[in-house]
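Have a look at target_39.txt; it's compact mmCIF, C-alpha atoms and all ligand atoms:
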```
# COMPACT_ATOMS: atom_id res chain seq x y z
CA MET H 1 -145.14 22.60 104.84
CA SER H 2 -146.82 19.76 106.70
CA VAL H 3 -147.82 20.18 110.31
CA ALA H 4 -147.50 17.18 112.58
CA LEU H 5 -150.66 16.82 114.63
CA SER H 6 -150.47 14.76 117.79
CA ALA H 7 -153.33 12.30 118.17
CA PRO H 8 -155.94 13.35 120.72
CA PRO H 9 -155.84 11.26 123.91
CA ALA H 10 -157.93 8.12 123.70
CA PRO H 11 -161.23 8.50 125.56
CA ALA H 12 -161.31 6.77 128.94
CA PRO H 13 -163.11 3.43 128.89
CA VAL H 14 -166.67 3.32 130.15
CA LEU H 15 -168.00 0.86 132.72
CA PRO H 16 -171.74 0.52 132.04
CA ILE H 17 -173.89 1.00 135.15
CA ASP H 18 -177.70 0.89 135.25
CA LEU H 19 -180.08 1.91 138.01
CA GLU H 20 -183.59 0.62 137.44
CA GLY H 21 -186.47 1.90 139.55
CA VAL H 22 -184.13 2.36 142.50
CA GLY H 23 -185.32 3.53 145.89
CA VAL H 24 -183.52 3.62 149.23
CA ASP H 25 -185.18 3.84 152.65
CA LEU H 26 -183.01 4.55 155.68
CA ASP H 27 -184.44 4.37 159.19
CA GLY H 28 -187.96 4.32 157.74
CA ARG H 29 -187.33 7.42 155.61
CA THR H 30 -187.20 7.43 151.80
CA VAL H 31 -183.94 9.13 150.80
CA LEU H 32 -183.92 8.11 147.12
CA ASP H 33 -186.88 7.14 144.98
CA GLY H 34 -187.70 6.35 141.36
CA ILE H 35 -184.10 6.54 140.15
CA ASP H 36 -183.64 5.32 136.57
CA LEU H 37 -180.19 6.01 135.17
CA ARG H 38 -178.24 4.51 132.31
CA LEU H 39 -174.64 5.55 132.89
CA ARG H 40 -172.47 5.30 129.77
CA GLU H 41 -170.11 8.27 130.05
CA ALA H 42 -166.48 8.33 131.21
CA ARG H 43 -166.85 11.45 133.40
CA ILE H 44 -170.07 11.93 135.36
CA GLY H 45 -170.74 14.48 138.09
CA VAL H 46 -173.48 14.38 140.74
CA ILE H 47 -174.61 17.62 142.35
CA GLY H 48 -177.42 18.82 144.61
CA ALA H 49 -178.22 20.41 147.92
CA ASN H 50 -177.19 18.94 151.27
CA GLY H 51 -179.29 15.88 152.03
CA SER H 52 -180.54 15.46 148.44
CA GLY H 53 -179.21 11.88 148.31
CA LYS H 54 -175.87 12.23 146.49
CA SER H 55 -173.77 10.13 148.86
CA THR H 56 -176.47 7.48 149.00
CA LEU H 57 -176.50 7.33 145.20
CA ALA H 58 -172.69 7.10 145.12
CA ARG H 59 -172.70 4.28 147.67
CA LEU H 60 -175.19 2.31 145.57
CA LEU H 61 -172.67 2.14 142.72
CA ASN H 62 -170.21 -0.14 144.45
CA ALA H 63 -172.64 -1.99 146.72
CA LEU H 64 -171.72 -0.05 149.88
CA GLN H 65 -175.48 0.58 149.94
CA LEU H 66 -178.03 -1.86 148.55
CA PRO H 67 -181.31 -0.57 147.10
CA SER H 68 -184.53 -1.06 149.06
CA ARG H 69 -186.34 -1.25 145.71
CA GLY H 70 -185.23 -1.77 142.13
CA ARG H 71 -181.82 -2.89 140.89
CA VAL H 72 -178.33 -1.54 140.40
CA LYS H 73 -176.38 -3.34 137.70
CA VAL H 74 -172.68 -2.87 137.06
CA ASP H 75 -171.80 -4.30 133.67
CA ARG H 76 -174.88 -6.55 134.04
CA SER H 77 -173.88 -7.82 137.53
CA ASP H 78 -176.41 -7.07 140.27
CA THR H 79 -174.99 -5.30 143.36
CA ARG H 80 -177.24 -7.53 145.50
CA SER H 81 -175.69 -10.78 144.35
CA ASP H 82 -172.20 -9.75 143.15
CA ALA H 83 -171.10 -7.15 145.69
CA ARG H 84 -167.60 -8.55 146.15
CA ALA H 85 -166.76 -8.68 142.46
CA ILE H 86 -168.29 -5.25 141.91
CA ARG H 87 -166.17 -3.67 144.66
CA ARG H 88 -163.08 -4.83 142.80
CA ARG H 89 -164.26 -3.10 139.66
CA VAL H 90 -165.63 0.04 141.29
CA GLY H 91 -163.26 1.84 143.68
CA PHE H 92 -164.56 4.37 146.20
CA VAL H 93 -162.85 7.52 147.47
CA PHE H 94 -164.41 8.98 150.63
CA GLN H 95 -164.67 12.64 151.57
CA ASN H 96 -162.41 12.03 154.54
CA PRO H 97 -159.19 10.21 153.55
CA ASP H 98 -158.78 9.03 157.17
CA ASN H 99 -161.65 6.63 156.39
CA GLN H 100 -159.50 4.69 154.00
CA ILE H 101 -155.88 5.16 155.06
CA VAL H 102 -155.08 2.47 157.63
CA TYR H 103 -151.31 1.86 157.71
CA PRO H 104 -148.68 4.05 159.43
CA THR H 105 -146.54 4.88 156.40
CA VAL H 106 -147.53 5.92 152.90
CA ALA H 107 -145.74 2.99 151.22
CA GLU H 108 -147.25 0.42 153.59
CA ASP H 109 -150.71 1.84 153.12
CA LEU H 110 -150.48 1.84 149.33
CA ALA H 111 -149.08 -1.71 149.32
CA PHE H 112 -151.91 -3.02 151.52
CA GLY H 113 -154.57 -3.28 148.81
CA LEU H 114 -152.11 -4.77 146.33
CA LYS H 115 -151.19 -7.52 148.80
CA ASN H 116 -154.88 -8.24 149.24
CA ILE H 117 -155.27 -8.94 145.55
CA GLY H 118 -152.25 -11.26 145.51
CA CYS H 119 -149.63 -8.90 144.11
CA GLY H 120 -146.09 -10.05 145.04
CA ARG H 121 -143.78 -7.84 147.11
CA GLU H 122 -141.44 -6.75 144.31
CA GLU H 123 -144.24 -5.98 141.89
CA SER H 124 -146.09 -4.14 144.63
CA GLU H 125 -143.04 -2.00 145.49
CA ARG H 126 -142.57 -1.20 141.82
CA ARG H 127 -146.19 -0.15 141.36
CA VAL H 128 -146.21 1.98 144.52
CA ALA H 129 -142.96 3.74 143.55
CA ARG H 130 -144.30 4.38 140.04
CA ALA H 131 -147.58 5.83 141.36
CA LEU H 132 -145.83 8.11 143.86
CA SER H 133 -143.41 9.34 141.24
CA ARG H 134 -146.19 9.97 138.71
CA HIS H 135 -147.90 12.25 141.23
CA GLY H 136 -144.69 14.11 142.11
CA MET H 137 -144.51 12.41 145.52
CA ALA H 138 -141.54 10.09 144.89
CA ASP H 139 -140.02 10.65 148.34
CA PHE H 140 -143.29 10.16 150.25
CA GLY H 141 -143.04 6.35 150.67
CA PRO H 142 -141.46 6.26 154.16
CA ARG H 143 -143.42 9.24 155.48
CA ALA H 144 -145.82 8.82 158.37
CA VAL H 145 -149.40 9.14 157.18
CA HIS H 146 -150.48 11.14 160.23
CA GLN H 147 -147.93 13.85 159.33
CA LEU H 148 -149.37 14.46 155.87
CA SER H 149 -151.57 17.43 155.08
CA GLY H 150 -155.23 16.82 154.25
CA GLY H 151 -154.54 17.34 150.54
CA GLU H 152 -151.59 14.95 150.52
CA LYS H 153 -153.68 12.35 152.33
CA GLN H 154 -156.47 12.71 149.79
CA LEU H 155 -153.99 12.18 146.93
CA ILE H 156 -152.67 9.06 148.71
CA ALA H 157 -156.25 7.80 149.14
CA LEU H 158 -156.88 8.33 145.42
CA MET H 159 -153.62 6.56 144.60
CA GLY H 160 -154.54 3.64 146.85
CA VAL H 161 -157.79 3.15 144.93
CA THR H 162 -156.14 3.70 141.54
CA LEU H 163 -153.42 1.13 142.22
CA MET H 164 -156.14 -1.54 142.32
CA GLU H 165 -156.80 -0.67 138.67
CA PRO H 166 -160.58 -0.40 138.98
CA ASP H 167 -162.77 0.09 135.91
CA CYS H 168 -164.54 2.93 137.67
CA ILE H 169 -163.77 5.28 140.56
CA VAL H 170 -166.63 6.80 142.54
CA LEU H 171 -165.65 9.83 144.63
CA ASP H 172 -167.78 11.39 147.35
CA GLU H 173 -166.87 15.07 147.73
CA PRO H 174 -163.13 14.38 147.54
CA THR H 175 -161.96 17.98 147.19
CA THR H 176 -163.95 19.59 150.02
CA ALA H 177 -160.99 20.00 152.37
CA LEU H 178 -158.40 20.84 149.71
CA ASP H 179 -156.84 24.23 149.06
CA LEU H 180 -156.66 25.52 145.50
CA ARG H 181 -153.25 24.00 144.76
CA HIS H 182 -154.16 20.57 146.09
CA ARG H 183 -157.57 20.71 144.41
CA ARG H 184 -155.88 21.38 141.06
CA ARG H 185 -153.41 18.57 141.61
CA PHE H 186 -156.19 16.23 142.62
CA MET H 187 -158.34 17.12 139.61
CA ALA H 188 -155.35 16.78 137.25
CA ALA H 189 -154.70 13.30 138.69
CA LEU H 190 -158.36 12.46 138.24
CA GLU H 191 -158.47 13.71 134.67
CA SER H 192 -155.58 11.44 133.72
CA MET H 193 -157.37 8.33 135.05
CA ASP H 194 -157.85 5.69 132.42
CA CYS H 195 -161.19 4.59 133.83
CA THR H 196 -164.73 5.81 134.40
CA VAL H 197 -164.97 8.59 137.02
CA ILE H 198 -168.20 9.39 138.89
CA MET H 199 -167.82 12.30 141.31
CA VAL H 200 -170.20 13.76 143.87
CA THR H 201 -169.21 17.35 144.54
CA HIS H 202 -170.26 20.85 145.55
CA ASP H 203 -167.31 22.15 143.49
CA LEU H 204 -169.28 23.01 140.36
CA ASP H 205 -166.24 24.37 138.47
CA ALA H 206 -164.56 20.98 138.72
CA LEU H 207 -167.31 19.52 136.55
CA ARG H 208 -167.15 21.90 133.58
CA SER H 209 -165.17 19.42 131.47
CA PHE H 210 -167.26 16.39 132.47
CA ASP H 211 -169.46 14.54 129.96
CA ARG H 212 -172.61 14.56 132.07
CA VAL H 213 -173.90 16.02 135.33
CA ILE H 214 -176.85 14.68 137.32
CA LEU H 215 -178.72 17.02 139.67
CA LEU H 216 -180.50 15.43 142.61
CA GLU H 217 -183.25 17.12 144.57
CA ASP H 218 -185.10 15.54 147.48
CA GLY H 219 -183.96 12.05 146.50
CA ALA H 220 -184.97 12.28 142.84
CA VAL H 221 -183.26 13.27 139.58
CA ARG H 222 -184.16 16.88 138.89
CA ALA H 223 -181.85 17.46 135.86
CA ASP H 224 -179.56 15.24 133.85
CA GLY H 225 -177.48 16.49 130.93
CA SER H 226 -174.48 18.63 130.05
CA PRO H 227 -172.56 20.30 132.90
CA ALA H 228 -173.79 23.73 131.77
CA ALA H 229 -177.45 22.69 131.66
CA SER H 230 -177.49 20.80 134.97
CA ILE H 231 -175.47 23.45 136.82
CA ALA H 232 -177.82 26.16 135.49
CA ALA H 233 -180.81 24.11 136.72
CA TYR H 234 -179.15 23.81 140.14
CA VAL H 235 -178.45 27.53 140.34
CA ARG H 236 -182.08 28.29 139.35
CA SER H 237 -183.38 25.88 142.01
CA CYS H 238 -181.39 27.77 144.68
CA THR H 239 -182.75 31.23 143.85
N1 LIG G 301 -178.03 5.90 157.93
C1 LIG G 301 -178.96 6.80 157.76
N2 LIG G 301 -180.12 6.75 158.44
C2 LIG G 301 -181.09 7.66 158.28
N3 LIG G 301 -181.02 8.68 157.40
C3 LIG G 301 -179.91 8.78 156.68
C4 LIG G 301 -178.81 7.86 156.82
N4 LIG G 301 -177.83 8.22 155.96
C5 LIG G 301 -178.29 9.33 155.33
N5 LIG G 301 -179.52 9.65 155.77
C6 LIG G 301 -180.34 10.78 155.30
O1 LIG G 301 -180.55 10.61 153.92
C7 LIG G 301 -180.57 11.88 153.26
C8 LIG G 301 -179.60 11.84 152.10
O2 LIG G 301 -178.29 11.74 152.64
P1 LIG G 301 -177.01 11.82 151.72
O3 LIG G 301 -175.83 11.71 152.62
O4 LIG G 301 -177.16 10.83 150.62
O5 LIG G 301 -177.15 13.29 151.13
P2 LIG G 301 -176.09 14.18 150.36
O6 LIG G 301 -176.81 14.77 149.19
O7 LIG G 301 -174.85 13.41 150.09
O8 LIG G 301 -175.80 15.34 151.42
P3 LIG G 301 -174.49 16.25 151.68
O9 LIG G 301 -174.33 17.17 150.51
O10 LIG G 301 -174.87 17.00 152.92
O11 LIG G 301 -173.31 15.34 151.91
C9 LIG G 301 -180.24 12.90 154.32
O12 LIG G 301 -181.42 13.54 154.73
C10 LIG G 301 -179.63 12.11 155.46
O13 LIG G 301 -179.92 12.69 156.70
```

Step by step, read the file and then write its structure as structure tokens.
Ligand SMILES: Nc1ncnc2c1ncn2[C@@H]1O[C@H](COP(=O)(O)OP(=O)(O)OP(=O)(O)O)[C@@H](O)[C@H]1O
Amino acid sequence: MSVALSAPPAPAPVLPIDLEGVGVDLDGRTVLDGIDLRLREARIGVIGANGSGKSTLARLLNALQLPSRGRVKVDRSDTRSDARAIRRRVGFVFQNPDNQIVYPTVAEDLAFGLKNIGCGREESERRVARALSRHGMADFGPRAVHQLSGGEKQLIALMGVTLMEPDCIVLDEPTTALDLRHRRRFMAALESMDCTVIMVTHDLDALRSFDRVILLEDGAVRADGSPAASIAAYVRSCT
């Protein structure tokens, strides 16, 4: 008897990002220093204590923050000279979805970015409807954004970024305010993304299936390897 084996899902594509001798000073204080990273994995986590520099590192990846020293290159483009093009390729999801939801209804908000990149009305409506339905939120289009729960808003924020079809999504503590059910839904949505995912988080369990986890301490890389190894190094550093 032959057994039909379904093909394993294709690995998500990787957007190559390089940080070379990167340092960041803010208000005269060095918050990152000596960062050399060659990012070539589809799922990368960033962990570390409060104030260790995680958000600053995340913001470097799509030119929200420029380095004070060294270079950040996204697929060989420098964030200093190609910020606009890089922001199209690298989407950013903030910890607080209110930072990126601007329109009164869900459908309007999701359509906003598509309009900005020249997507016609019909195509935009089709893409928004498809995204909502894929996330089990088909009837959410006309709903007022301010009436959504925090978890629903965070899913909408993720959808808004995803609709732009970036090559990479950087997320800065996206699950902090989510309950278990919404966190699971959010992580399932993230896992299905057909692009590179780089996530800053204090939710260590969420990273167990990731390819690589980077541990920051006092603005420097303290560990960099498998989730198990980096999380163990983090736990040791806290005891
Ligand atoms: N605009 C700024 N001016 C001065 N210092 C800043 C600025 N932004 C961040 N910092 C400082 O830089 C350090 C790193 O901040 P960052 O937000 O990157 O840390 P983090 O690891 O993301 O922290 P958390 O886990 O608390 O979110 C902190 O000490 C913070 O106070």

Would you be able to write out as a PDB file with C-alpha atoms, in the frame of the given file which residues have an atom within 10 Å of (-168.2, 16.4, 137.4) in the file's coordinates, counting all atoms listed in the file?
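part_11.pdb written:
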```
ATOM      1  CA  ARG H  43    -166.850  11.450 133.400  1.00  0.00           C
ATOM      2  CA  ILE H  44    -170.070  11.930 135.360  1.00  0.00           C
ATOM      3  CA  GLY H  45    -170.740  14.480 138.090  1.00  0.00           C
ATOM      4  CA  VAL H  46    -173.480  14.380 140.740  1.00  0.00           C
ATOM      5  CA  ILE H  47    -174.610  17.620 142.350  1.00  0.00           C
ATOM      6  CA  VAL H 197    -164.970   8.590 137.020  1.00  0.00           C
ATOM      7  CA  ILE H 198    -168.200   9.390 138.890  1.00  0.00           C
ATOM      8  CA  MET H 199    -167.820  12.300 141.310  1.00  0.00           C
ATOM      9  CA  VAL H 200    -170.200  13.760 143.870  1.00  0.00           C
ATOM     10  CA  THR H 201    -169.210  17.350 144.540  1.00  0.00           C
ATOM     11  CA  HIS H 202    -170.260  20.850 145.550  1.00  0.00           C
ATOM     12  CA  ASP H 203    -167.310  22.150 143.490  1.00  0.00           C
ATOM     13  CA  LEU H 204    -169.280  23.010 140.360  1.00  0.00           C
ATOM     14  CA  ASP H 205    -166.240  24.370 138.470  1.00  0.00           C
ATOM     15  CA  ALA H 206    -164.560  20.980 138.720  1.00  0.00           C
ATOM     16  CA  LEU H 207    -167.310  19.520 136.550  1.00  0.00           C
ATOM     17  CA  ARG H 208    -167.150  21.900 133.580  1.00  0.00           C
ATOM     18  CA  SER H 209    -165.170  19.420 131.470  1.00  0.00           C
ATOM     19  CA  PHE H 210    -167.260  16.390 132.470  1.00  0.00           C
ATOM     20  CA  ASP H 211    -169.460  14.540 129.960  1.00  0.00           C
ATOM     21  CA  ARG H 212    -172.610  14.560 132.070  1.00  0.00           C
ATOM     22  CA  VAL H 213    -173.900  16.020 135.330  1.00  0.00           C
ATOM     23  CA  ILE H 214    -176.850  14.680 137.320  1.00  0.00           C
ATOM     24  CA  SER H 226    -174.480  18.630 130.050  1.00  0.00           C
ATOM     25  CA  PRO H 227    -172.560  20.300 132.900  1.00  0.00           C
TER      26      PRO H 227
END
```

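With distances restricted to only C-alpha atoms and all ligand atoms, H:Leu32 is the closest residue to ligand LIG 301 (chain G) from H:Cys119, H:Leu180, H:Val22, H:Leu32.
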
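The residue that comes closest to ligand LIG 301 (chain G), out of H:Cys238, H:Val106, H:Leu60, H:Leu19 and on the basis of all atoms listed in the file, is H:Leu60.
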
Inset, instruction - Check every protein, DNA and RNA residue against ligand LIG 301 (chain G), keep those with an atom at most 12 Å away (counting all atoms listed in the file), and present them as a PyMOL selection string. - result: chain H and resi 23-33+46-60+64-65+94-96+171-174+176+199-203+214-221

Inset, instruction - For His146 of chain H, work out the shell of residues within 12 Å, counting only C-alpha atoms and skipping chain neighbours fewer than 5 positions away, then give it as number ranges by chain. - result: H: 97-98, 101-106, 109, 152-153, 156

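Going from atom CA of Ala157 of chain H over to atom CA of Asp194 of chain H, you cover 16.9 Å.
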
Inset, instruction - Can you work out which one of H:Phe140, H:Gly160, H:Ala10, H:Leu155 has the shortest atom-to-atom distance to Arg184 of chain H, counting only C-alpha atoms? - result: H:Leu155
